[in-house]
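**Q** Could you have a look at this structure, given as structure tokens, before my questions?
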Amino acid sequence: MKKIVLFICLLLAAIACKKSNVSVTPVTPPVVQPPVAGVEDILKTTATFPMGVAIDPSLLLNNKKYRDVILKEHNSLTTENAMKWQAIHPSENSYNYGGADYIVDFAVENKMRVHGHTLLWHAYNPTWLNNYKGDSTAFESLMKKHILEVVGHYKGKVTSWDVVNEAFDDRGSLRKGSTTEGSIWSTKLGNDYIARAFQYAAEADPKALLFYNDYGQEYSPSKLRAIISLITDLQKRKIPIHGVGLQFHININSDIAGIESALSQLAATGLKIHISELDVNFSNFQKNASITFSDANSMAQKKIYKQVMKSYRKLVPPAQQFGITCWNVGDADSWLRSAIQQNEWPLPFDDNYLRKPAYFGIIEGLKE
Ligand code: G3I
């Protein structure tokens, strides 16, 4: 009965808020190389660690090609938006588990790992939270209650969590203040909210693996230093932290030396290393209508995907290889198209979920 209700809720939700993709001018699909006859490599069996993807419940419900590629190629799922406060905690006294439950149930049915994203973030919080008038004691109980409730709801089903996402700015300073770059959490609860968030998550599910997640470790040495010092402090204080996520929203010109420095320095902490939101864009987030999916760009994209796989395998000890997750399935779903409002083709699968040269770059990087 629950599944029928859930399906109807999702169907209505899907109709109401299908993931909005900016309408882009149709482009000629890239040249797709057919798999080698007889021996078809796929991501999850070529990799010696989990290969994940961040997904959306309405696309999972409504798009068969999307679903088929997820099932065929991946063994780990990250909830792109469904577990963020805006989706799962829409008002102070209500929780909406519909979208996240659909993903988690799908994963359990298909024996896939689920990585929960994210318990605390400075961005995209619901209006009620941004306007919440409580004092620091009230904010502390709000944070604690959310973490205990959500992690408790998925206890035994969600393997791991991004407990705190993007706590530092690119200068390596803890985000603070009420600007969009600031954080409600550090402002209301002080710098040490991070440690308490990890403790609450461990209290809710002692078996869950708990991660700190961020972007920019590959290009901002000061942010990398700040993250390493946070990890070292938590480890010294025996605060439960098990892993660190490097989002790696990189581009075709990203510096491999920076990528490798971030991987090796964070691997040296002994934590599990998750490349948590991998995509490789062409524009480096700059609006540029002249960018096309040219062969040159496609080959450059293939090259960097391949290099990231090789660097991860070279620099992260097998016991610390939590896995590599791409952020969205195919180019048509990419967050980038609506974020920068223009064409982008950042993923291994194209608008029709066909394998691009980038896909074969991943396979080569996993095999060599
Ligand atoms: O659900 C509404 C829909 O009702 C409305 O019609 C539509 C148009 O306004 O918006 C829909 O919500 C959007 C939501 O994605 C679902 O598609 C939000 O506006 C939009 O801001 C939200 O963007 C997400 C963003 O995080 C903010 O939450 C992206 O999909 C998601 O890929 C992105 O992911 C983040 C990670 O969580 C953290 N690391 C960076 C990464 C990229 O920004």
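Ligands are numbered from 1 in the order shown, chains are lettered A, B, ... in the order of the structure tokens, and residues start at 1 in each chain.
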Please, which residues in range 156-260 of chain A fall within 9 Å of range 138-149 of chain A when counting only C-alpha atoms, and what is the closest atom pair and distance in Å to one decimal for each, ordered by chain then residue number, as a Markdown table?
**A**
```
| residue | atom | partner | partner_atom | distance |
| --- | --- | --- | --- | --- |
| A:Val163 | CA | A:Ile147 | CA | 8.6 |
| A:Trp185 | CA | A:Phe139 | CA | 8.2 |
| A:Lys188 | CA | A:Phe139 | CA | 6.8 |
| A:Leu189 | CA | A:Glu140 | CA | 6.7 |
| A:Tyr193 | CA | A:Glu140 | CA | 8.4 |
| A:Arg196 | CA | A:Lys144 | CA | 8.4 |
| A:Ala197 | CA | A:Lys144 | CA | 7.2 |
| A:Tyr200 | CA | A:Lys144 | CA | 6.2 |
| A:Ala201 | CA | A:Ile147 | CA | 6.0 |
| A:Glu203 | CA | A:Leu148 | CA | 7.5 |
| A:Ala204 | CA | A:Leu148 | CA | 5.1 |
| A:Asp205 | CA | A:Leu148 | CA | 8.4 |
```
**Q** If you run DSSP on this backbone, which residues of range 74-244 of chain A come out as strand (DSSP E or B), and could you give them as a PyMOL selection string?
**A** chain A and resi 76-79+91+94+113-121+160-165+168+174+209-214+243-244
**Q** Could you give me, as a Markdown table, every chain A residue with an atom at most 10 Å from ligand 1, plus its closest atom pair and distance in Å to one decimal, counting only C-alpha atoms and all ligand atoms, rows ordered by chain then number?
**A**
```
| residue | atom | partner | partner_atom_place_in_ligand_line | distance |
| --- | --- | --- | --- | --- |
| A:Ala13 | CA | ligand 1 | 4 (O) | 8.7 |
| A:Ala14 | CA | ligand 1 | 4 (O) | 9.2 |
| A:Ile15 | CA | ligand 1 | 4 (O) | 9.5 |
| A:Ala16 | CA | ligand 1 | 4 (O) | 6.5 |
| A:Cys17 | CA | ligand 1 | 4 (O) | 4.0 |
| A:Lys18 | CA | ligand 1 | 3 (C) | 6.7 |
| A:Lys19 | CA | ligand 1 | 17 (O) | 4.2 |
| A:Ser20 | CA | ligand 1 | 7 (C) | 5.2 |
| A:Asn21 | CA | ligand 1 | 17 (O) | 7.9 |
| A:Val22 | CA | ligand 1 | 8 (C) | 9.3 |
| A:Ala54 | CA | ligand 1 | 32 (O) | 8.1 |
| A:Ile55 | CA | ligand 1 | 32 (O) | 8.8 |
| A:Asp56 | CA | ligand 1 | 17 (O) | 8.1 |
| A:Ser58 | CA | ligand 1 | 17 (O) | 9.7 |
| A:Thr78 | CA | ligand 1 | 37 (O) | 9.9 |
| A:Thr79 | CA | ligand 1 | 37 (O) | 8.7 |
| A:Glu80 | CA | ligand 1 | 32 (O) | 5.8 |
| A:Asn81 | CA | ligand 1 | 28 (O) | 5.8 |
| A:Ala82 | CA | ligand 1 | 16 (C) | 8.6 |
| A:Met83 | CA | ligand 1 | 37 (O) | 9.6 |
| A:Lys84 | CA | ligand 1 | 28 (O) | 7.4 |
| A:Trp85 | CA | ligand 1 | 28 (O) | 9.4 |
| A:Gln86 | CA | ligand 1 | 28 (O) | 8.1 |
| A:Ala87 | CA | ligand 1 | 1 (O) | 8.3 |
| A:His117 | CA | ligand 1 | 37 (O) | 7.0 |
| A:Thr118 | CA | ligand 1 | 37 (O) | 7.2 |
| A:Trp121 | CA | ligand 1 | 38 (C) | 8.3 |
| A:Ala123 | CA | ligand 1 | 27 (C) | 7.1 |
| A:Tyr124 | CA | ligand 1 | 28 (O) | 5.3 |
| A:Asn125 | CA | ligand 1 | 28 (O) | 8.3 |
| A:Asp162 | CA | ligand 1 | 38 (C) | 9.8 |
| A:Asn165 | CA | ligand 1 | 38 (C) | 6.9 |
| A:Glu166 | CA | ligand 1 | 39 (N) | 7.6 |
| A:Asn213 | CA | ligand 1 | 39 (N) | 8.3 |
| A:Asp214 | CA | ligand 1 | 39 (N) | 7.1 |
| A:Tyr215 | CA | ligand 1 | 39 (N) | 7.1 |
| A:Leu246 | CA | ligand 1 | 39 (N) | 9.8 |
| A:Gln247 | CA | ligand 1 | 39 (N) | 6.7 |
| A:Phe248 | CA | ligand 1 | 39 (N) | 9.3 |
| A:His249 | CA | ligand 1 | 40 (C) | 7.8 |
| A:Ser276 | CA | ligand 1 | 39 (N) | 8.8 |
| A:Glu277 | CA | ligand 1 | 39 (N) | 6.9 |
| A:Leu278 | CA | ligand 1 | 41 (C) | 9.9 |
| A:Trp327 | CA | ligand 1 | 32 (O) | 6.9 |
| A:Asn328 | CA | ligand 1 | 32 (O) | 7.3 |
| A:Asp333 | CA | ligand 1 | 30 (O) | 8.7 |
| A:Ser334 | CA | ligand 1 | 32 (O) | 7.0 |
| A:Trp335 | CA | ligand 1 | 32 (O) | 4.5 |
| A:Leu336 | CA | ligand 1 | 42 (C) | 7.5 |
| A:Arg337 | CA | ligand 1 | 30 (O) | 9.8 |
| A:Ser338 | CA | ligand 1 | 23 (O) | 8.0 |
| A:Ala339 | CA | ligand 1 | 43 (O) | 7.5 |
```
**Q** Mind checking DSSP for range 233-345 of chain A and telling me the alpha helix (DSSP H) residues as a PyMOL selection string?
**A** chain A and resi 233-236+256-267+295-315+335-339
**Q** Could you turn the residues from that selection into a file that holds C-alpha atoms, as a short mmCIF file (atom, residue, chain, number, x, y, z; two decimals), in the first residue's frame?
**A**
```cif
data_model
loop_
_atom_site.label_atom_id
_atom_site.label_comp_id
_atom_site.auth_asym_id
_atom_site.auth_seq_id
_atom_site.Cartn_x
_atom_site.Cartn_y
_atom_site.Cartn_z
CA ASP A 233 41.23 18.51 14.69
CA LEU A 234 38.22 16.18 14.56
CA GLN A 235 40.50 13.14 14.53
CA LYS A 236 42.50 14.44 17.52
CA ILE A 256 46.09 17.70 -13.00
CA ALA A 257 48.87 18.67 -10.55
CA GLY A 258 46.27 20.39 -8.36
CA ILE A 259 43.96 17.38 -8.61
CA GLU A 260 46.76 15.00 -7.64
CA SER A 261 47.98 17.22 -4.80
CA ALA A 262 44.47 17.32 -3.31
CA LEU A 263 44.03 13.56 -3.63
CA SER A 264 47.38 12.69 -2.07
CA GLN A 265 47.17 15.24 0.77
CA LEU A 266 43.66 14.16 1.73
CA ALA A 267 44.51 10.47 1.38
CA ASP A 295 35.64 16.85 -31.35
CA ALA A 296 38.55 18.77 -29.78
CA ASN A 297 36.52 19.53 -26.65
CA SER A 298 35.20 15.99 -26.52
CA MET A 299 38.70 14.54 -26.72
CA ALA A 300 39.99 16.96 -24.08
CA GLN A 301 37.11 15.88 -21.83
CA LYS A 302 37.90 12.22 -22.44
CA LYS A 303 41.54 12.85 -21.53
CA ILE A 304 40.78 14.47 -18.19
CA TYR A 305 38.20 11.87 -17.17
CA LYS A 306 40.83 9.22 -17.92
CA GLN A 307 43.46 11.09 -15.92
CA VAL A 308 41.21 11.49 -12.88
CA MET A 309 40.61 7.72 -12.80
CA LYS A 310 44.34 7.02 -13.07
CA SER A 311 45.25 9.60 -10.42
CA TYR A 312 42.63 8.25 -7.99
CA ARG A 313 43.90 4.70 -8.42
CA LYS A 314 47.54 5.81 -8.15
CA LEU A 315 47.24 8.11 -5.13
CA TRP A 335 22.83 21.01 -13.00
CA LEU A 336 25.23 23.11 -15.05
CA ARG A 337 22.80 23.85 -17.85
CA SER A 338 20.40 25.61 -15.51
CA ALA A 339 23.17 27.00 -13.27
#
```
**Q** Identify which of the residues A:Gly172, A:Gly177, A:Pro240, A:Gly190 lies closest to Gln217 in chain A, counting only C-alpha atoms when measuring atom-to-atom distances.
**A**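 Among the listed residues, A:Gly172 lies closest to Gln217 in chain A.
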**Q** Using only C-alpha atoms, which of A:Asp170, A:Lys176, A:Ile227, A:Val53 sits nearest Gly330 in chain A?
**A**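 With only C-alpha atoms as the atom set, the closest residue is A:Val53.
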**Q** Measuring atom to atom with only C-alpha atoms, identify which of A:Ala100, A:Leu77, A:Leu120, A:Ile42 is nearest to His153 in chain A.
**A**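 Closest to His153 in chain A, using only C-alpha atoms: A:Ala100.
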**Q** Here is a test: counting only C-alpha atoms, which residue of A:Lys64, A:Arg113, A:Tyr359, A:Pro206 is nearest to Gly152 in chain A?
**A**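 That would be A:Pro206, the residue with the smallest distance to Gly152 in chain A.
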**Q** Just how far from CA of Tyr353 in chain A is CA of Val69 in chain A, in Å to one decimal?
**A** 7.0 Å
**Q** Using only C-alpha atoms, can you tell me which of A:Gly243, A:Gly98, A:Gly323, A:Pro221 comes closest to Ser173 in chain A?
**A**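 Counting only C-alpha atoms, the residue closest to Ser173 in chain A is A:Pro221.
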**Q** Restricting the calculation to only C-alpha atoms, which member of A:Met112, A:Tyr154, A:Gln320, A:Trp128 is positioned closest to Asn93 in chain A?
**A** A:Trp128
**Q** If you count only C-alpha atoms, which residues fall within 10 Å of Thr45 in chain A, apart from same-chain ones fewer than 2 positions away, as a list in words?
**A**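 Listed by chain and then number, they are Asp41, Ile42, Leu43, Ala47, Thr48, Phe49, Pro50, Met51, Lys72, Glu73, His74, Asn75, Ile363 and Leu366 of chain A.
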**Q** For those residues, write all heavy atoms to a file as an mmCIF file, in the first residue's frame.
**A**
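So selection.cif came out as:
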```
data_model
loop_
_atom_site.group_PDB
_atom_site.id
_atom_site.type_symbol
_atom_site.label_atom_id
_atom_site.label_comp_id
_atom_site.auth_asym_id
_atom_site.auth_seq_id
_atom_site.Cartn_x
_atom_site.Cartn_y
_atom_site.Cartn_z
ATOM 1 N N ASP A 41 32.692 -3.553 -21.675
ATOM 2 C CA ASP A 41 33.076 -2.979 -20.389
ATOM 3 C C ASP A 41 31.946 -2.110 -19.883
ATOM 4 O O ASP A 41 31.339 -1.371 -20.645
ATOM 5 C CB ASP A 41 34.316 -2.094 -20.562
ATOM 6 C CG ASP A 41 35.542 -2.920 -20.948
ATOM 7 O OD1 ASP A 41 35.766 -3.954 -20.294
ATOM 8 O OD2 ASP A 41 36.231 -2.538 -21.901
ATOM 9 N N ILE A 42 31.667 -2.201 -18.606
ATOM 10 C CA ILE A 42 30.752 -1.236 -17.979
ATOM 11 C C ILE A 42 31.445 -0.671 -16.739
ATOM 12 O O ILE A 42 32.393 -1.264 -16.208
ATOM 13 C CB ILE A 42 29.388 -1.869 -17.594
ATOM 14 C CG1 ILE A 42 29.576 -3.108 -16.718
ATOM 15 C CG2 ILE A 42 28.575 -2.175 -18.835
ATOM 16 C CD1 ILE A 42 28.257 -3.685 -16.217
ATOM 17 N N LEU A 43 30.975 0.495 -16.294
ATOM 18 C CA LEU A 43 31.691 1.214 -15.232
ATOM 19 C C LEU A 43 31.835 0.362 -13.967
ATOM 20 O O LEU A 43 32.932 0.204 -13.431
ATOM 21 C CB LEU A 43 30.965 2.523 -14.917
ATOM 22 C CG LEU A 43 30.830 3.534 -16.069
ATOM 23 C CD1 LEU A 43 30.055 4.771 -15.595
ATOM 24 C CD2 LEU A 43 32.195 3.935 -16.628
ATOM 25 N N ALA A 47 35.603 -0.865 -12.647
ATOM 26 C CA ALA A 47 36.215 -0.209 -11.473
ATOM 27 C C ALA A 47 36.385 -1.207 -10.330
ATOM 28 O O ALA A 47 35.595 -2.145 -10.193
ATOM 29 C CB ALA A 47 35.332 0.945 -11.005
ATOM 30 N N THR A 48 37.425 -1.010 -9.524
ATOM 31 C CA THR A 48 37.638 -1.863 -8.340
ATOM 32 C C THR A 48 37.087 -1.160 -7.095
ATOM 33 O O THR A 48 37.401 -1.533 -5.973
ATOM 34 C CB THR A 48 39.152 -2.114 -8.146
ATOM 35 O OG1 THR A 48 39.810 -0.836 -8.142
ATOM 36 C CG2 THR A 48 39.710 -2.971 -9.274
ATOM 37 N N PHE A 49 36.288 -0.128 -7.316
ATOM 38 C CA PHE A 49 35.631 0.604 -6.227
ATOM 39 C C PHE A 49 34.257 1.028 -6.749
ATOM 40 O O PHE A 49 34.003 0.963 -7.964
ATOM 41 C CB PHE A 49 36.464 1.830 -5.826
ATOM 42 C CG PHE A 49 37.024 2.591 -6.991
ATOM 43 C CD1 PHE A 49 36.213 3.428 -7.759
ATOM 44 C CD2 PHE A 49 38.361 2.447 -7.368
ATOM 45 C CE1 PHE A 49 36.709 4.112 -8.857
ATOM 46 C CE2 PHE A 49 38.882 3.137 -8.454
ATOM 47 C CZ PHE A 49 38.052 3.967 -9.206
ATOM 48 N N PRO A 50 33.340 1.468 -5.874
ATOM 49 C CA PRO A 50 31.996 1.842 -6.325
ATOM 50 C C PRO A 50 32.007 3.004 -7.321
ATOM 51 O O PRO A 50 32.756 3.964 -7.166
ATOM 52 C CB PRO A 50 31.279 2.227 -5.029
ATOM 53 C CG PRO A 50 31.993 1.447 -3.962
ATOM 54 C CD PRO A 50 33.433 1.438 -4.400
ATOM 55 N N MET A 51 31.168 2.853 -8.340
ATOM 56 C CA MET A 51 30.970 3.922 -9.327
ATOM 57 C C MET A 51 29.549 4.441 -9.141
ATOM 58 O O MET A 51 28.578 3.705 -9.298
ATOM 59 C CB MET A 51 31.158 3.392 -10.749
ATOM 60 C CG MET A 51 32.602 3.038 -11.083
ATOM 61 S SD MET A 51 33.757 4.430 -10.991
ATOM 62 C CE MET A 51 33.313 5.305 -12.496
ATOM 63 N N LYS A 72 22.482 -0.258 -15.120
ATOM 64 C CA LYS A 72 23.488 -1.038 -15.874
ATOM 65 C C LYS A 72 24.911 -0.676 -15.457
ATOM 66 O O LYS A 72 25.789 -1.532 -15.344
ATOM 67 C CB LYS A 72 23.319 -0.784 -17.373
ATOM 68 C CG LYS A 72 24.357 -1.504 -18.216
ATOM 69 C CD LYS A 72 24.130 -1.353 -19.694
ATOM 70 C CE LYS A 72 25.217 -2.100 -20.478
ATOM 71 N NZ LYS A 72 25.031 -1.947 -21.941
ATOM 72 N N GLU A 73 25.151 0.615 -15.225
ATOM 73 C CA GLU A 73 26.542 1.086 -15.109
ATOM 74 C C GLU A 73 26.995 1.392 -13.676
ATOM 75 O O GLU A 73 28.193 1.543 -13.452
ATOM 76 C CB GLU A 73 26.688 2.380 -15.930
ATOM 77 C CG GLU A 73 26.385 2.224 -17.410
ATOM 78 C CD GLU A 73 27.570 1.676 -18.206
ATOM 79 O OE1 GLU A 73 28.676 1.543 -17.620
ATOM 80 O OE2 GLU A 73 27.403 1.398 -19.400
ATOM 81 N N HIS A 74 26.047 1.505 -12.719
ATOM 82 C CA HIS A 74 26.428 2.045 -11.415
ATOM 83 C C HIS A 74 26.042 1.111 -10.269
ATOM 84 O O HIS A 74 25.104 0.322 -10.387
ATOM 85 C CB HIS A 74 25.761 3.412 -11.196
ATOM 86 C CG HIS A 74 26.041 4.393 -12.305
ATOM 87 N ND1 HIS A 74 25.227 4.510 -13.418
ATOM 88 C CD2 HIS A 74 27.066 5.262 -12.493
ATOM 89 C CE1 HIS A 74 25.736 5.426 -14.235
ATOM 90 N NE2 HIS A 74 26.847 5.894 -13.712
ATOM 91 N N ASN A 75 26.751 1.232 -9.138
ATOM 92 C CA ASN A 75 26.406 0.455 -7.934
ATOM 93 C C ASN A 75 26.342 1.345 -6.685
ATOM 94 O O ASN A 75 26.311 0.847 -5.566
ATOM 95 C CB ASN A 75 27.391 -0.691 -7.710
ATOM 96 C CG ASN A 75 28.846 -0.241 -7.894
ATOM 97 O OD1 ASN A 75 29.140 0.957 -7.828
ATOM 98 N ND2 ASN A 75 29.745 -1.181 -8.137
ATOM 99 N N ILE A 363 36.685 4.316 -18.757
ATOM 100 C CA ILE A 363 37.004 2.884 -18.852
ATOM 101 C C ILE A 363 38.514 2.681 -19.022
ATOM 102 O O ILE A 363 39.138 1.866 -18.324
ATOM 103 C CB ILE A 363 36.238 2.238 -20.039
ATOM 104 C CG1 ILE A 363 34.722 2.242 -19.772
ATOM 105 C CG2 ILE A 363 36.742 0.831 -20.323
ATOM 106 C CD1 ILE A 363 34.235 1.285 -18.701
ATOM 107 N N LEU A 366 40.335 3.339 -15.871
ATOM 108 C CA LEU A 366 40.111 2.307 -14.843
ATOM 109 C C LEU A 366 40.901 1.034 -15.139
ATOM 110 O O LEU A 366 41.140 0.216 -14.265
ATOM 111 C CB LEU A 366 38.611 1.956 -14.769
ATOM 112 C CG LEU A 366 37.689 3.029 -14.190
ATOM 113 C CD1 LEU A 366 36.217 2.618 -14.357
ATOM 114 C CD2 LEU A 366 38.006 3.294 -12.715
#
```
**Q** Between CA of Thr232 in chain A and CA of Thr179 in chain A, measure the distance and give it in Å to one decimal.
**A** 28.3 Å
**Q** Neighbours of Ile88 in chain A within 6 Å (only C-alpha atoms; same-chain residues fewer than 6 positions away dropped), as a list in words?
**A** Tyr95, Asn96 and Tyr97 of chain A
**Q** Now that the selection is made, can you save its residues with all heavy atoms as a compact mmCIF listing (two decimals), in the first residue's frame?
**A**
```txt
# COMPACT_ATOMS: atom_id res chain seq x y z
N TYR A 95 8.30 16.67 7.79
CA TYR A 95 9.37 16.05 6.97
C TYR A 95 8.71 15.41 5.76
O TYR A 95 7.64 14.82 5.88
CB TYR A 95 10.12 14.98 7.79
CG TYR A 95 10.96 15.58 8.89
CD1 TYR A 95 10.41 15.86 10.14
CD2 TYR A 95 12.29 15.91 8.67
CE1 TYR A 95 11.16 16.44 11.14
CE2 TYR A 95 13.06 16.47 9.68
CZ TYR A 95 12.50 16.74 10.91
OH TYR A 95 13.26 17.32 11.89
N ASN A 96 9.35 15.55 4.60
CA ASN A 96 8.80 14.98 3.36
C ASN A 96 9.80 13.98 2.80
O ASN A 96 10.78 14.37 2.16
CB ASN A 96 8.52 16.09 2.36
CG ASN A 96 8.20 15.52 0.99
OD1 ASN A 96 7.95 14.31 0.85
ND2 ASN A 96 8.25 16.35 -0.04
N TYR A 97 9.57 12.71 3.06
CA TYR A 97 10.53 11.67 2.67
C TYR A 97 10.23 11.08 1.30
O TYR A 97 10.94 10.17 0.86
CB TYR A 97 10.54 10.56 3.73
CG TYR A 97 11.15 10.98 5.05
CD1 TYR A 97 10.38 11.08 6.21
CD2 TYR A 97 12.50 11.30 5.13
CE1 TYR A 97 10.94 11.48 7.41
CE2 TYR A 97 13.07 11.70 6.33
CZ TYR A 97 12.30 11.78 7.47
OH TYR A 97 12.86 12.16 8.66
```
